[in-house]
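Trainee: One file is attached below, input17.txt, containing compact mmCIF, C-alpha atoms.
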# COMPACT_ATOMS: atom_id res chain seq x y z
CA MET A 255 27.95 -66.49 9.73
CA LYS A 256 25.51 -63.55 9.60
CA ASN A 257 26.77 -62.36 13.00
CA TYR A 258 30.37 -62.40 11.78
CA LEU A 259 29.38 -60.45 8.67
CA LEU A 260 27.55 -57.85 10.76
CA LEU A 261 30.55 -57.54 13.08
CA GLY A 262 32.83 -56.94 10.09
CA ILE A 263 30.63 -54.15 8.80
CA LEU A 264 30.50 -52.53 12.25
CA LEU A 265 34.30 -52.66 12.52
CA LEU A 266 34.63 -51.07 9.08
CA VAL A 267 32.33 -48.23 10.13
CA ALA A 268 34.29 -47.72 13.35
CA CYS A 269 37.62 -47.57 11.50
CA ASN A 270 36.53 -45.32 8.64
CA GLY A 271 34.09 -43.13 10.49
CA LYS A 272 31.45 -43.72 7.76
CA SER A 273 29.42 -46.55 6.31
CA PRO A 274 30.73 -48.31 3.20
CA SER A 275 29.40 -46.88 -0.05
CA LYS A 276 29.34 -47.92 -3.68
CA LYS A 277 32.17 -46.68 -5.91
CA SER A 278 31.01 -44.28 -8.56
CA VAL A 279 31.36 -45.74 -12.04
CA VAL A 280 32.91 -43.34 -14.56
CA SER A 281 33.06 -44.33 -18.21
CA GLU A 282 36.28 -43.84 -20.18
CA ASN A 283 34.61 -41.14 -22.22
CA GLU A 284 33.57 -39.24 -19.09
CA ALA A 285 37.06 -39.46 -17.64
CA ASP A 286 38.62 -38.34 -20.93
CA THR A 287 36.22 -35.44 -21.30
CA LYS A 288 37.31 -34.05 -17.94
CA ALA A 289 41.03 -34.50 -18.60
CA VAL A 290 41.49 -31.63 -21.07
CA SER A 291 39.55 -28.37 -21.39
CA LEU A 292 39.71 -25.54 -23.88
CA TYR A 293 38.93 -21.98 -22.77
CA ILE A 294 38.20 -18.98 -24.97
CA LEU A 295 40.42 -16.17 -23.67
CA GLY A 296 39.78 -13.62 -26.43
CA THR A 297 37.59 -13.16 -29.50
CA VAL A 298 38.57 -9.79 -31.01
CA GLN A 299 40.78 -8.98 -34.02
CA ASP A 300 44.38 -7.79 -33.51
CA GLY A 301 43.62 -4.09 -32.95
CA GLY A 302 41.25 -4.77 -30.06
CA SER A 303 37.99 -3.11 -29.08
CA PRO A 304 37.79 -0.18 -28.66
CA HIS A 305 40.07 0.25 -31.64
CA ILE A 306 42.76 2.91 -31.92
CA GLY A 307 41.49 6.00 -33.73
CA CYS A 308 37.93 4.70 -34.02
CA LYS A 309 35.25 7.38 -34.00
CA ARG A 310 32.34 5.09 -34.77
CA GLU A 311 29.47 4.21 -32.48
CA CYS A 312 30.88 0.69 -32.02
CA CYS A 313 33.78 2.09 -29.98
CA ALA A 314 32.55 5.43 -28.60
CA ALA A 315 31.20 4.18 -25.27
CA LEU A 316 33.99 1.62 -24.80
CA PHE A 317 36.69 4.27 -24.38
CA SER A 318 35.01 5.55 -21.22
CA ASN A 319 33.49 2.21 -20.16
CA PRO A 320 35.73 -0.65 -21.32
CA ASP A 321 34.25 -4.11 -21.72
CA ALA A 322 36.44 -6.62 -19.86
CA SER A 323 35.42 -9.37 -22.27
CA ARG A 324 36.86 -7.57 -25.31
CA LYS A 325 40.22 -9.37 -25.47
CA VAL A 326 42.28 -10.10 -28.58
CA VAL A 327 41.78 -13.62 -29.93
CA SER A 328 43.34 -16.39 -27.85
CA LEU A 329 42.63 -19.89 -26.61
CA GLY A 330 43.83 -21.55 -23.44
CA VAL A 331 44.09 -25.35 -23.16
CA VAL A 332 44.54 -27.15 -19.85
CA ASP A 333 45.43 -30.79 -19.27
CA HIS A 334 43.99 -31.04 -15.76
CA GLU A 335 45.28 -34.56 -15.24
CA LYS A 336 48.89 -33.67 -16.07
CA GLU A 337 48.64 -30.13 -14.61
CA LYS A 338 49.86 -28.50 -17.81
CA SER A 339 48.52 -25.37 -19.50
CA TYR A 340 49.05 -23.95 -22.98
CA LEU A 341 48.26 -20.61 -24.58
CA PHE A 342 47.38 -20.18 -28.25
CA GLU A 343 48.57 -16.74 -29.41
CA ALA A 344 50.63 -14.20 -27.48
CA THR A 345 48.34 -11.19 -27.73
CA PRO A 346 48.63 -7.61 -26.44
CA ASP A 347 46.19 -8.79 -23.73
CA ILE A 348 48.46 -11.62 -22.58
CA THR A 349 48.81 -10.21 -19.04
CA SER A 350 45.15 -10.70 -18.18
CA GLN A 351 44.81 -13.81 -20.35
CA MET A 352 47.57 -15.60 -18.44
CA LYS A 353 45.83 -14.65 -15.21
CA SER A 354 42.56 -16.09 -16.53
CA LEU A 355 44.32 -19.27 -17.65
CA LYS A 356 45.75 -19.79 -14.17
CA GLU A 357 42.23 -19.60 -12.73
CA PHE A 358 41.43 -22.79 -14.64
CA THR A 359 44.48 -24.73 -13.41
CA GLN A 360 45.94 -25.99 -10.13
CA LYS A 361 49.39 -24.62 -10.97
CA GLU A 362 51.20 -22.22 -8.63
CA THR A 363 52.66 -20.24 -11.52
CA GLU A 364 50.57 -18.52 -14.17
CA THR A 365 53.21 -18.91 -16.87
CA PRO A 366 51.91 -21.53 -19.34
CA ASN A 367 53.89 -24.64 -20.23
CA GLY A 368 53.94 -23.52 -23.84
CA ILE A 369 52.70 -20.85 -26.25
CA PHE A 370 51.62 -21.59 -29.83
CA LEU A 371 51.87 -18.83 -32.45
CA THR A 372 49.93 -18.73 -35.72
CA HIS A 373 51.79 -15.88 -37.45
CA ALA A 374 53.58 -12.53 -37.21
CA HIS A 375 50.69 -10.06 -37.12
CA ILE A 376 50.49 -7.81 -34.09
CA GLY A 377 47.61 -9.48 -32.28
CA HIS A 378 49.20 -12.90 -32.39
CA TYR A 379 52.77 -12.56 -31.15
CA THR A 380 53.53 -9.13 -29.66
CA GLY A 381 52.52 -10.25 -26.18
CA LEU A 382 55.86 -12.04 -26.06
CA GLN A 383 57.42 -8.68 -25.17
CA TYR A 384 56.12 -9.05 -21.62
CA PHE A 385 58.35 -12.08 -21.02
CA GLY A 386 61.46 -9.88 -21.25
CA ARG A 387 63.62 -8.21 -18.59
CA GLU A 388 61.42 -5.08 -18.51
CA ALA A 389 58.46 -7.15 -17.32
CA LEU A 390 58.27 -10.83 -16.27
CA GLY A 391 61.89 -11.82 -16.84
CA ALA A 392 60.70 -15.30 -17.76
CA LYS A 393 62.93 -18.37 -17.95
CA GLN A 394 62.85 -20.43 -21.16
CA VAL A 395 59.13 -20.36 -21.82
CA PRO A 396 58.54 -22.79 -24.71
CA VAL A 397 57.23 -20.91 -27.76
CA TYR A 398 56.05 -23.11 -30.63
CA ALA A 399 56.58 -21.47 -34.01
CA MET A 400 56.90 -22.39 -37.67
CA PRO A 401 60.32 -22.00 -39.41
CA GLN A 402 59.78 -18.50 -40.86
CA MET A 403 58.19 -17.32 -37.63
CA LYS A 404 61.14 -18.71 -35.67
CA SER A 405 63.60 -16.96 -37.98
CA PHE A 406 61.68 -13.68 -37.69
CA LEU A 407 61.83 -13.78 -33.88
CA GLU A 408 65.51 -14.72 -33.85
CA SER A 409 66.53 -12.05 -36.36
CA ASN A 410 64.62 -8.96 -35.24
CA GLY A 411 64.59 -6.86 -32.09
CA PRO A 412 63.25 -6.80 -29.52
CA TRP A 413 62.26 -10.44 -30.00
CA ASN A 414 65.80 -11.72 -30.51
CA GLN A 415 66.70 -10.37 -27.07
CA LEU A 416 64.11 -12.72 -25.59
CA VAL A 417 65.98 -15.56 -27.28
CA THR A 418 69.44 -14.33 -26.29
CA LEU A 419 68.45 -13.87 -22.64
CA GLU A 420 66.61 -17.21 -22.71
CA ASN A 421 63.33 -15.65 -21.67
CA ILE A 422 61.77 -17.86 -24.33
CA SER A 423 62.85 -21.11 -25.95
CA ILE A 424 61.58 -21.45 -29.52
CA GLN A 425 60.37 -24.92 -30.46
CA GLU A 426 60.23 -25.26 -34.25
CA MET A 427 57.13 -26.89 -35.71
CA GLU A 428 56.65 -28.52 -39.11
CA ASN A 429 53.62 -28.33 -41.35
CA GLU A 430 51.17 -31.18 -40.61
CA MET A 431 53.52 -32.71 -38.02
CA ARG A 432 52.00 -33.60 -34.66
CA VAL A 433 53.40 -32.01 -31.49
CA GLN A 434 52.77 -34.36 -28.56
CA LEU A 435 52.44 -32.25 -25.42
CA THR A 436 51.13 -34.82 -22.94
CA SER A 437 49.60 -38.27 -23.19
CA ASN A 438 46.22 -36.50 -23.32
CA LEU A 439 46.99 -33.61 -25.64
CA SER A 440 48.61 -33.00 -29.01
CA VAL A 441 48.63 -30.23 -31.62
CA ILE A 442 49.01 -30.30 -35.41
CA PRO A 443 49.89 -27.06 -37.26
CA PHE A 444 48.84 -26.60 -40.88
CA ILE A 445 49.62 -23.77 -43.28
CA VAL A 446 46.83 -21.49 -44.53
CA PRO A 447 46.98 -18.64 -47.08
CA HIS A 448 47.27 -15.20 -45.49
CA ARG A 449 49.25 -11.96 -45.76
CA ASP A 450 52.63 -13.49 -44.96
CA GLU A 451 54.81 -10.37 -44.86
CA TYR A 452 57.03 -11.65 -42.03
CA SER A 453 56.12 -15.30 -41.52
CA GLU A 454 53.94 -18.11 -42.75
CA THR A 455 50.46 -18.46 -41.22
CA VAL A 456 49.07 -21.61 -39.65
CA GLY A 457 45.94 -22.92 -38.06
CA PHE A 458 45.91 -25.69 -35.47
CA LYS A 459 44.17 -28.94 -34.75
CA ILE A 460 44.02 -29.30 -30.98
CA ILE A 461 43.52 -32.96 -30.13
CA GLY A 462 42.28 -34.05 -26.72
CA PRO A 463 41.53 -37.55 -25.40
CA SER A 464 38.11 -37.70 -27.01
CA LYS A 465 37.51 -34.55 -29.09
CA THR A 466 39.36 -32.31 -31.54
CA ALA A 467 39.13 -28.57 -32.18
CA LEU A 468 40.09 -26.66 -35.32
CA PHE A 469 41.50 -23.16 -34.78
CA ILE A 470 41.81 -20.85 -37.82
CA PRO A 471 41.70 -17.24 -36.61
CA ASP A 472 43.18 -15.81 -39.83
CA ILE A 473 42.87 -16.86 -43.46
CA ASP A 474 42.51 -14.86 -46.69
CA LYS A 475 39.52 -16.61 -48.30
CA TRP A 476 38.32 -20.20 -48.00
CA SER A 477 38.63 -20.59 -51.78
CA LYS A 478 42.37 -19.78 -51.66
CA TRP A 479 43.13 -22.71 -49.35
CA GLU A 480 44.26 -25.95 -50.95
CA LYS A 481 42.03 -27.81 -48.49
CA ASN A 482 38.25 -27.85 -48.36
CA ILE A 483 37.03 -26.23 -45.16
CA ILE A 484 33.82 -28.27 -45.22
CA ASP A 485 35.84 -31.50 -45.28
CA GLU A 486 38.01 -30.22 -42.43
CA ILE A 487 34.94 -29.41 -40.32
CA LYS A 488 33.66 -32.96 -40.84
CA VAL A 489 36.66 -34.55 -39.11
CA VAL A 490 36.65 -32.38 -35.97
CA ASP A 491 34.21 -31.74 -33.12
CA TYR A 492 34.65 -27.95 -32.92
CA ALA A 493 35.80 -25.36 -35.47
CA PHE A 494 36.86 -21.86 -34.40
CA LEU A 495 36.86 -19.94 -37.66
CA ASP A 496 37.91 -16.50 -38.91
CA ALA A 497 34.98 -14.06 -38.78
CA SER A 498 36.89 -10.79 -38.90
CA PHE A 499 34.28 -8.92 -40.96
CA TYR A 500 30.58 -9.58 -41.23
CA ASP A 501 30.44 -8.09 -44.73
CA GLY A 502 32.18 -5.54 -46.92
CA ALA A 503 29.95 -2.63 -45.90
CA GLU A 504 31.53 -2.31 -42.45
CA ILE A 505 34.99 -1.58 -43.86
CA ASN A 506 34.07 0.77 -46.71
CA ASN A 507 36.93 3.07 -45.69
CA ARG A 508 39.64 0.42 -46.26
CA ASP A 509 40.93 -1.43 -49.32
CA ILE A 510 39.76 -5.00 -48.67
CA SER A 511 42.56 -6.36 -50.89
CA GLU A 512 44.99 -5.22 -48.17
CA ILE A 513 43.15 -7.12 -45.43
CA PRO A 514 41.41 -10.11 -47.06
CA HIS A 515 39.33 -12.39 -44.85
CA PRO A 516 36.26 -14.54 -45.48
CA PHE A 517 33.24 -12.35 -44.76
CA VAL A 518 30.78 -13.99 -42.37
CA VAL A 519 28.09 -13.69 -45.04
CA GLU A 520 30.36 -15.63 -47.42
CA SER A 521 30.90 -18.35 -44.83
CA LEU A 522 27.19 -18.58 -44.13
CA HIS A 523 26.55 -19.06 -47.85
CA LEU A 524 29.31 -21.67 -48.12
CA PHE A 525 28.05 -23.61 -45.09
CA GLN A 526 24.32 -23.28 -45.73
CA GLN A 527 23.89 -26.87 -46.97
CA LEU A 528 25.62 -28.39 -43.96
CA PRO A 529 23.41 -30.52 -41.71
CA GLU A 530 22.55 -29.05 -38.30
CA ASN A 531 25.08 -31.19 -36.43
CA GLU A 532 27.88 -29.84 -38.64
CA LYS A 533 26.76 -26.23 -38.29
CA ARG A 534 26.81 -26.60 -34.49
CA LYS A 535 30.53 -27.34 -34.65
CA ILE A 536 31.27 -23.88 -36.03
CA HIS A 537 32.22 -21.11 -33.59
CA PHE A 538 32.92 -17.79 -35.29
CA ILE A 539 35.83 -15.87 -33.75
CA HIS A 540 38.38 -13.05 -34.39
CA PHE A 541 35.93 -10.15 -34.78
CA ASN A 542 36.96 -6.74 -36.04
CA HIS A 543 35.79 -3.90 -33.78
CA THR A 544 33.20 -2.99 -36.45
CA ASN A 545 31.71 -6.49 -36.59
CA PRO A 546 28.07 -6.57 -35.41
CA LEU A 547 28.61 -10.09 -34.05
CA LEU A 548 30.29 -8.45 -31.06
CA ASN A 549 26.86 -7.09 -30.15
CA LYS A 550 24.48 -9.76 -28.86
CA GLU A 551 21.56 -7.41 -29.48
CA SER A 552 22.30 -6.99 -33.19
CA ASN A 553 20.14 -8.53 -35.89
CA GLN A 554 23.23 -10.14 -37.40
CA TYR A 555 24.07 -11.89 -34.12
CA ARG A 556 20.56 -13.26 -33.82
CA GLU A 557 20.54 -14.37 -37.45
CA VAL A 558 23.78 -16.36 -37.11
CA ILE A 559 22.52 -18.09 -33.97
CA GLN A 560 19.13 -18.84 -35.55
CA GLN A 561 20.87 -20.49 -38.49
CA GLY A 562 22.45 -22.96 -36.07
CA TYR A 563 25.99 -21.61 -35.66
CA ASN A 564 27.85 -20.48 -32.54
CA ILE A 565 29.56 -17.19 -31.80
CA ALA A 566 32.59 -17.59 -29.55
CA GLY A 567 32.23 -15.96 -26.15
CA PHE A 568 34.85 -14.89 -23.64
CA LYS A 569 35.75 -17.53 -21.01
CA GLU A 570 33.56 -20.21 -22.54
CA LYS A 571 34.77 -23.73 -21.73
CA ILE A 572 34.78 -26.80 -23.98
CA ASP A 573 35.96 -30.22 -22.83
CA LEU A 574 38.18 -32.14 -25.19
Represent the structure from my file as structure tokens, please.

Mentor:
Amino acid sequence: MKNYLLLGILLLVACNGKSPSKKSVVSENEADTKAVSLYILGTVQDGGSPHIGCKRECCAALFSNPDASRKVVSLGVVDHEKEKSYLFEATPDITSQMKSLKEFTQKETETPNGIFLTHAHIGHYTGLQYFGREALGAKQVPVYAMPQMKSFLESNGPWNQLVTLENISIQEMENEMRVQLTSNLSVIPFIVPHRDEYSETVGFKIIGPSKTALFIPDIDKWSKWEKNIIDEIKVVDYAFLDASFYDGAEINNRDISEIPHPFVVESLHLFQQLPENEKRKIHFIHFNHTNPLLNKESNQYREVIQQGYNIAGFKEKIDL
């Protein structure tokens, strides 16, 4: 019997060209973690960095020596298993952000399978212009938008031309209603208070096979929201939160009532009693060009990190 067993093993080696090996055992959690990934494709507020008309030190050197990591706020999400990719926000930097997103996928085309919009402020939707006949000439790219945002795009040029020419196909979302993208990935929009001149504003819950991310790049103040941000952080694994301004001093030349956001110092005070594991979920994002958190050498950057929080960085990857 032993001789027959040895002969069988030798025949298997001869046929396969290698000796038999043990199968690797992958847990469900490991497999799920690798199925969907989130990539940070931009961290800066709508106007970018360097900022138009800026004469401050924060922008002076960047006009002559641009920083390739200074992209307007955007996330990319890839379902590797289903070979689908999605972009959150259509920013003025969408050309390079789509190229970056393709680097993380196996797709032949760099056009994402869908684009999710939070609201109608320039850093969050104007990148759609590049899908038109003057540029990409795209074909029915799904654009997920809330009702007022959909109406705004359909009723105003040049965006309505994208609809008429079927460069984009607007998919209407509903508040708190899940959008199932693949068996591994879904998205839930939720309304937040903001300067809604042209459309409502939403954040998103991005739900992967094993983890969930909260994305709120714009909100007026945490206290104005009907929900409790601390409770919302508790039920997710990651929270990408509005950090437009570190404090009021950096924008002393503007009326803050015109551009309300939660100051980082206000958020730090609000979150100070959170346990360490909850603080680690928080990734500050959407930085104005004046925000010292854009500078890793600043005292403010070091202070935020020392307190246990994260500061979103360009092309960082998180598995969901």

Trainee: Using all atoms listed in the file, pick whichever of A:Lys325, A:Lys478, A:Arg432, A:Lys336 has the shortest atom-to-atom distance to His448 (chain A).

Mentor: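 That would be A:Lys478, the residue with the smallest distance to His448 (chain A).
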
Trainee: What does the distance between CA of Val558 (chain A) and CA of Lys533 (chain A) come to in Å, to one decimal place?

Mentor: 10.4 Å

Trainee: Measuring atom to atom with only C-alpha atoms, identify which of A:His543, A:Lys488, A:His373, A:Lys535 is nearest to Cys313 (chain A).

Mentor: A:His543

Trainee: Figure out the distance between CA of Gln434 (chain A) and CA of Ile487 (chain A), please, to one decimal in Å.

Mentor: 21.9 Å

Trainee: From the set A:His305, A:Leu419, A:Ser521, A:Asn542, which residue has the shortest atom-to-atom contact distance to Pro320 (chain A), counting all atoms listed in the file?

Mentor: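 So, comparing all the options, the nearest one is A:His305.
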
Trainee: I'd like the contact shell of Gln299 (chain A) - 10 Å cut-off, only C-alpha atoms, skipping same-chain residues fewer than 4 positions apart - returned as a compact mmCIF listing (two decimals) with C-alpha atoms, in the coordinates of the input.

Mentor:
# COMPACT_ATOMS: atom_id res chain seq x y z
CA SER A 303 37.99 -3.11 -29.08
CA HIS A 305 40.07 0.25 -31.64
CA ARG A 324 36.86 -7.57 -25.31
CA LYS A 325 40.22 -9.37 -25.47
CA VAL A 326 42.28 -10.10 -28.58
CA VAL A 327 41.78 -13.62 -29.93
CA SER A 328 43.34 -16.39 -27.85
CA ILE A 376 50.49 -7.81 -34.09
CA GLY A 377 47.61 -9.48 -32.28
CA HIS A 378 49.20 -12.90 -32.39
CA PRO A 471 41.70 -17.24 -36.61
CA ASP A 472 43.18 -15.81 -39.83
CA ASP A 496 37.91 -16.50 -38.91
CA ALA A 497 34.98 -14.06 -38.78
CA SER A 498 36.89 -10.79 -38.90
CA PHE A 499 34.28 -8.92 -40.96
CA ILE A 539 35.83 -15.87 -33.75
CA HIS A 540 38.38 -13.05 -34.39
CA PHE A 541 35.93 -10.15 -34.78
CA ASN A 542 36.96 -6.74 -36.04
CA HIS A 543 35.79 -3.90 -33.78
CA THR A 544 33.20 -2.99 -36.45
CA ASN A 545 31.71 -6.49 -36.59

Trainee: Compare A:Phe385, A:Phe458, A:Trp413, A:Phe406 by their minimum atom-to-atom distance to Thr372 (chain A), counting only C-alpha atoms, and give me the closest one.

Mentor: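 Among the listed residues, A:Phe458 lies closest to Thr372 (chain A).
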
Trainee: Which is closer to Tyr500 (chain A) than all the others in A:Phe517, A:Tyr379, A:Phe358, A:Tyr384, using all atoms listed in the file?

Mentor: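 The answer is A:Phe517, which sits nearest to Tyr500 (chain A).
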
Trainee: Report the distance between CA of Ala344 (chain A) and CA of Pro443 (chain A) in Å, rounded to one decimal place.

Mentor: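 CA of Ala344 (chain A) sits 16.2 Å away from CA of Pro443 (chain A).
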
Trainee: How big is the axis-aligned box around the listed atoms of region 361-377 of chain A once 5 Å is added on each side, and where is its centre? Give both in Å to one decimal, as AutoDock Vina command-line options.

Mentor:
--center_x 50.8 --center_y -16.2 --center_z -23.0 --size_x 16.3 --size_y 26.8 --size_z 38.8

Trainee: Would it be fine to have region 322-409 of chain A, with C-alpha atoms, given as a PDB file, in the first residue's frame?

Mentor:
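Output below, filename result_15.pdb:
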ATOM      1  CA  ALA A 322       1.024  67.000  -6.430  1.00  0.00           C
ATOM      2  CA  SER A 323      -0.762  65.808  -3.298  1.00  0.00           C
ATOM      3  CA  ARG A 324      -2.818  69.003  -2.970  1.00  0.00           C
ATOM      4  CA  LYS A 325      -6.013  67.783  -4.648  1.00  0.00           C
ATOM      5  CA  VAL A 326      -9.574  68.893  -3.897  1.00  0.00           C
ATOM      6  CA  VAL A 327     -11.427  66.526  -1.557  1.00  0.00           C
ATOM      7  CA  SER A 328     -12.440  63.202  -3.082  1.00  0.00           C
ATOM      8  CA  LEU A 329     -12.632  59.518  -2.243  1.00  0.00           C
ATOM      9  CA  GLY A 330     -12.313  56.557  -4.569  1.00  0.00           C
ATOM     10  CA  VAL A 331     -13.869  53.187  -3.708  1.00  0.00           C
ATOM     11  CA  VAL A 332     -13.000  49.978  -5.545  1.00  0.00           C
ATOM     12  CA  ASP A 333     -14.754  46.629  -5.374  1.00  0.00           C
ATOM     13  CA  HIS A 334     -11.810  44.521  -6.505  1.00  0.00           C
ATOM     14  CA  GLU A 335     -13.840  41.324  -6.607  1.00  0.00           C
ATOM     15  CA  LYS A 336     -16.515  42.771  -8.911  1.00  0.00           C
ATOM     16  CA  GLU A 337     -14.058  45.030 -10.798  1.00  0.00           C
ATOM     17  CA  LYS A 338     -16.123  48.157 -10.151  1.00  0.00           C
ATOM     18  CA  SER A 339     -14.886  51.606  -9.134  1.00  0.00           C
ATOM     19  CA  TYR A 340     -16.705  54.639  -7.762  1.00  0.00           C
ATOM     20  CA  LEU A 341     -15.729  58.261  -7.265  1.00  0.00           C
ATOM     21  CA  PHE A 342     -17.060  60.448  -4.459  1.00  0.00           C
ATOM     22  CA  GLU A 343     -17.187  64.065  -5.658  1.00  0.00           C
ATOM     23  CA  ALA A 344     -16.494  65.405  -9.151  1.00  0.00           C
ATOM     24  CA  THR A 345     -13.803  67.949  -8.346  1.00  0.00           C
ATOM     25  CA  PRO A 346     -11.813  70.376 -10.519  1.00  0.00           C
ATOM     26  CA  ASP A 347      -8.990  67.799 -10.139  1.00  0.00           C
ATOM     27  CA  ILE A 348     -11.073  64.949 -11.557  1.00  0.00           C
ATOM     28  CA  THR A 349      -8.697  64.372 -14.501  1.00  0.00           C
ATOM     29  CA  SER A 350      -5.807  63.253 -12.312  1.00  0.00           C
ATOM     30  CA  GLN A 351      -8.087  61.686  -9.702  1.00  0.00           C
ATOM     31  CA  MET A 352      -9.649  59.369 -12.276  1.00  0.00           C
ATOM     32  CA  LYS A 353      -6.160  58.405 -13.408  1.00  0.00           C
ATOM     33  CA  SER A 354      -5.201  57.616  -9.811  1.00  0.00           C
ATOM     34  CA  LEU A 355      -8.377  55.586  -9.313  1.00  0.00           C
ATOM     35  CA  LYS A 356      -7.581  53.469 -12.363  1.00  0.00           C
ATOM     36  CA  GLU A 357      -4.182  52.643 -10.857  1.00  0.00           C
ATOM     37  CA  PHE A 358      -6.012  50.830  -8.066  1.00  0.00           C
ATOM     38  CA  THR A 359      -8.239  48.751 -10.362  1.00  0.00           C
ATOM     39  CA  GLN A 360      -7.875  46.106 -13.065  1.00  0.00           C
ATOM     40  CA  LYS A 361     -10.249  47.946 -15.405  1.00  0.00           C
ATOM     41  CA  GLU A 362      -9.197  48.934 -18.928  1.00  0.00           C
ATOM     42  CA  THR A 363     -11.110  52.209 -18.758  1.00  0.00           C
ATOM     43  CA  GLU A 364     -10.476  54.892 -16.158  1.00  0.00           C
ATOM     44  CA  THR A 365     -14.066  56.119 -16.176  1.00  0.00           C
ATOM     45  CA  PRO A 366     -15.636  55.050 -12.863  1.00  0.00           C
ATOM     46  CA  ASN A 367     -18.809  52.979 -12.690  1.00  0.00           C
ATOM     47  CA  GLY A 368     -20.490  55.784 -10.790  1.00  0.00           C
ATOM     48  CA  ILE A 369     -19.930  59.215  -9.252  1.00  0.00           C
ATOM     49  CA  PHE A 370     -21.549  60.339  -5.987  1.00  0.00           C
ATOM     50  CA  LEU A 371     -22.130  64.064  -5.389  1.00  0.00           C
ATOM     51  CA  THR A 372     -22.607  65.686  -1.982  1.00  0.00           C
ATOM     52  CA  HIS A 373     -23.776  69.136  -3.105  1.00  0.00           C
ATOM     53  CA  ALA A 374     -23.554  72.014  -5.592  1.00  0.00           C
ATOM     54  CA  HIS A 375     -20.456  73.884  -4.409  1.00  0.00           C
ATOM     55  CA  ILE A 376     -17.651  74.241  -6.917  1.00  0.00           C
ATOM     56  CA  GLY A 377     -15.234  71.688  -5.499  1.00  0.00           C
ATOM     57  CA  HIS A 378     -17.803  68.923  -5.448  1.00  0.00           C
ATOM     58  CA  TYR A 379     -19.479  68.828  -8.857  1.00  0.00           C
ATOM     59  CA  THR A 380     -17.760  71.065 -11.438  1.00  0.00           C
ATOM     60  CA  GLY A 381     -15.481  68.249 -12.569  1.00  0.00           C
ATOM     61  CA  LEU A 382     -18.495  66.892 -14.421  1.00  0.00           C
ATOM     62  CA  GLN A 383     -17.727  69.420 -17.163  1.00  0.00           C
ATOM     63  CA  TYR A 384     -14.900  67.199 -18.380  1.00  0.00           C
ATOM     64  CA  PHE A 385     -17.345  64.451 -19.359  1.00  0.00           C
ATOM     65  CA  GLY A 386     -18.790  66.674 -22.109  1.00  0.00           C
ATOM     66  CA  ARG A 387     -18.103  66.899 -25.852  1.00  0.00           C
ATOM     67  CA  GLU A 388     -15.236  69.379 -25.356  1.00  0.00           C
ATOM     68  CA  ALA A 389     -13.287  66.791 -23.368  1.00  0.00           C
ATOM     69  CA  LEU A 390     -14.027  63.082 -22.713  1.00  0.00           C
ATOM     70  CA  GLY A 391     -17.321  62.781 -24.583  1.00  0.00           C
ATOM     71  CA  ALA A 392     -18.422  60.196 -22.046  1.00  0.00           C
ATOM     72  CA  LYS A 393     -21.345  57.821 -22.506  1.00  0.00           C
ATOM     73  CA  GLN A 394     -23.986  57.690 -19.761  1.00  0.00           C
ATOM     74  CA  VAL A 395     -21.708  57.823 -16.741  1.00  0.00           C
ATOM     75  CA  PRO A 396     -23.956  57.182 -13.719  1.00  0.00           C
ATOM     76  CA  VAL A 397     -24.034  60.259 -11.460  1.00  0.00           C
ATOM     77  CA  TYR A 398     -25.755  59.755  -8.104  1.00  0.00           C
ATOM     78  CA  ALA A 399     -27.433  62.928  -6.867  1.00  0.00           C
ATOM     79  CA  MET A 400     -30.152  64.030  -4.476  1.00  0.00           C
ATOM     80  CA  PRO A 401     -33.425  65.495  -5.904  1.00  0.00           C
ATOM     81  CA  GLN A 402     -32.463  69.198  -5.728  1.00  0.00           C
ATOM     82  CA  MET A 403     -28.985  68.443  -7.034  1.00  0.00           C
ATOM     83  CA  LYS A 404     -30.499  66.460  -9.909  1.00  0.00           C
ATOM     84  CA  SER A 405     -32.874  69.311 -10.731  1.00  0.00           C
ATOM     85  CA  PHE A 406     -30.022  71.839 -10.625  1.00  0.00           C
ATOM     86  CA  LEU A 407     -27.955  69.820 -13.110  1.00  0.00           C
ATOM     87  CA  GLU A 408     -30.919  69.251 -15.418  1.00  0.00           C
ATOM     88  CA  SER A 409     -32.022  72.898 -15.404  1.00  0.00           C
TER      89      SER A 409
END
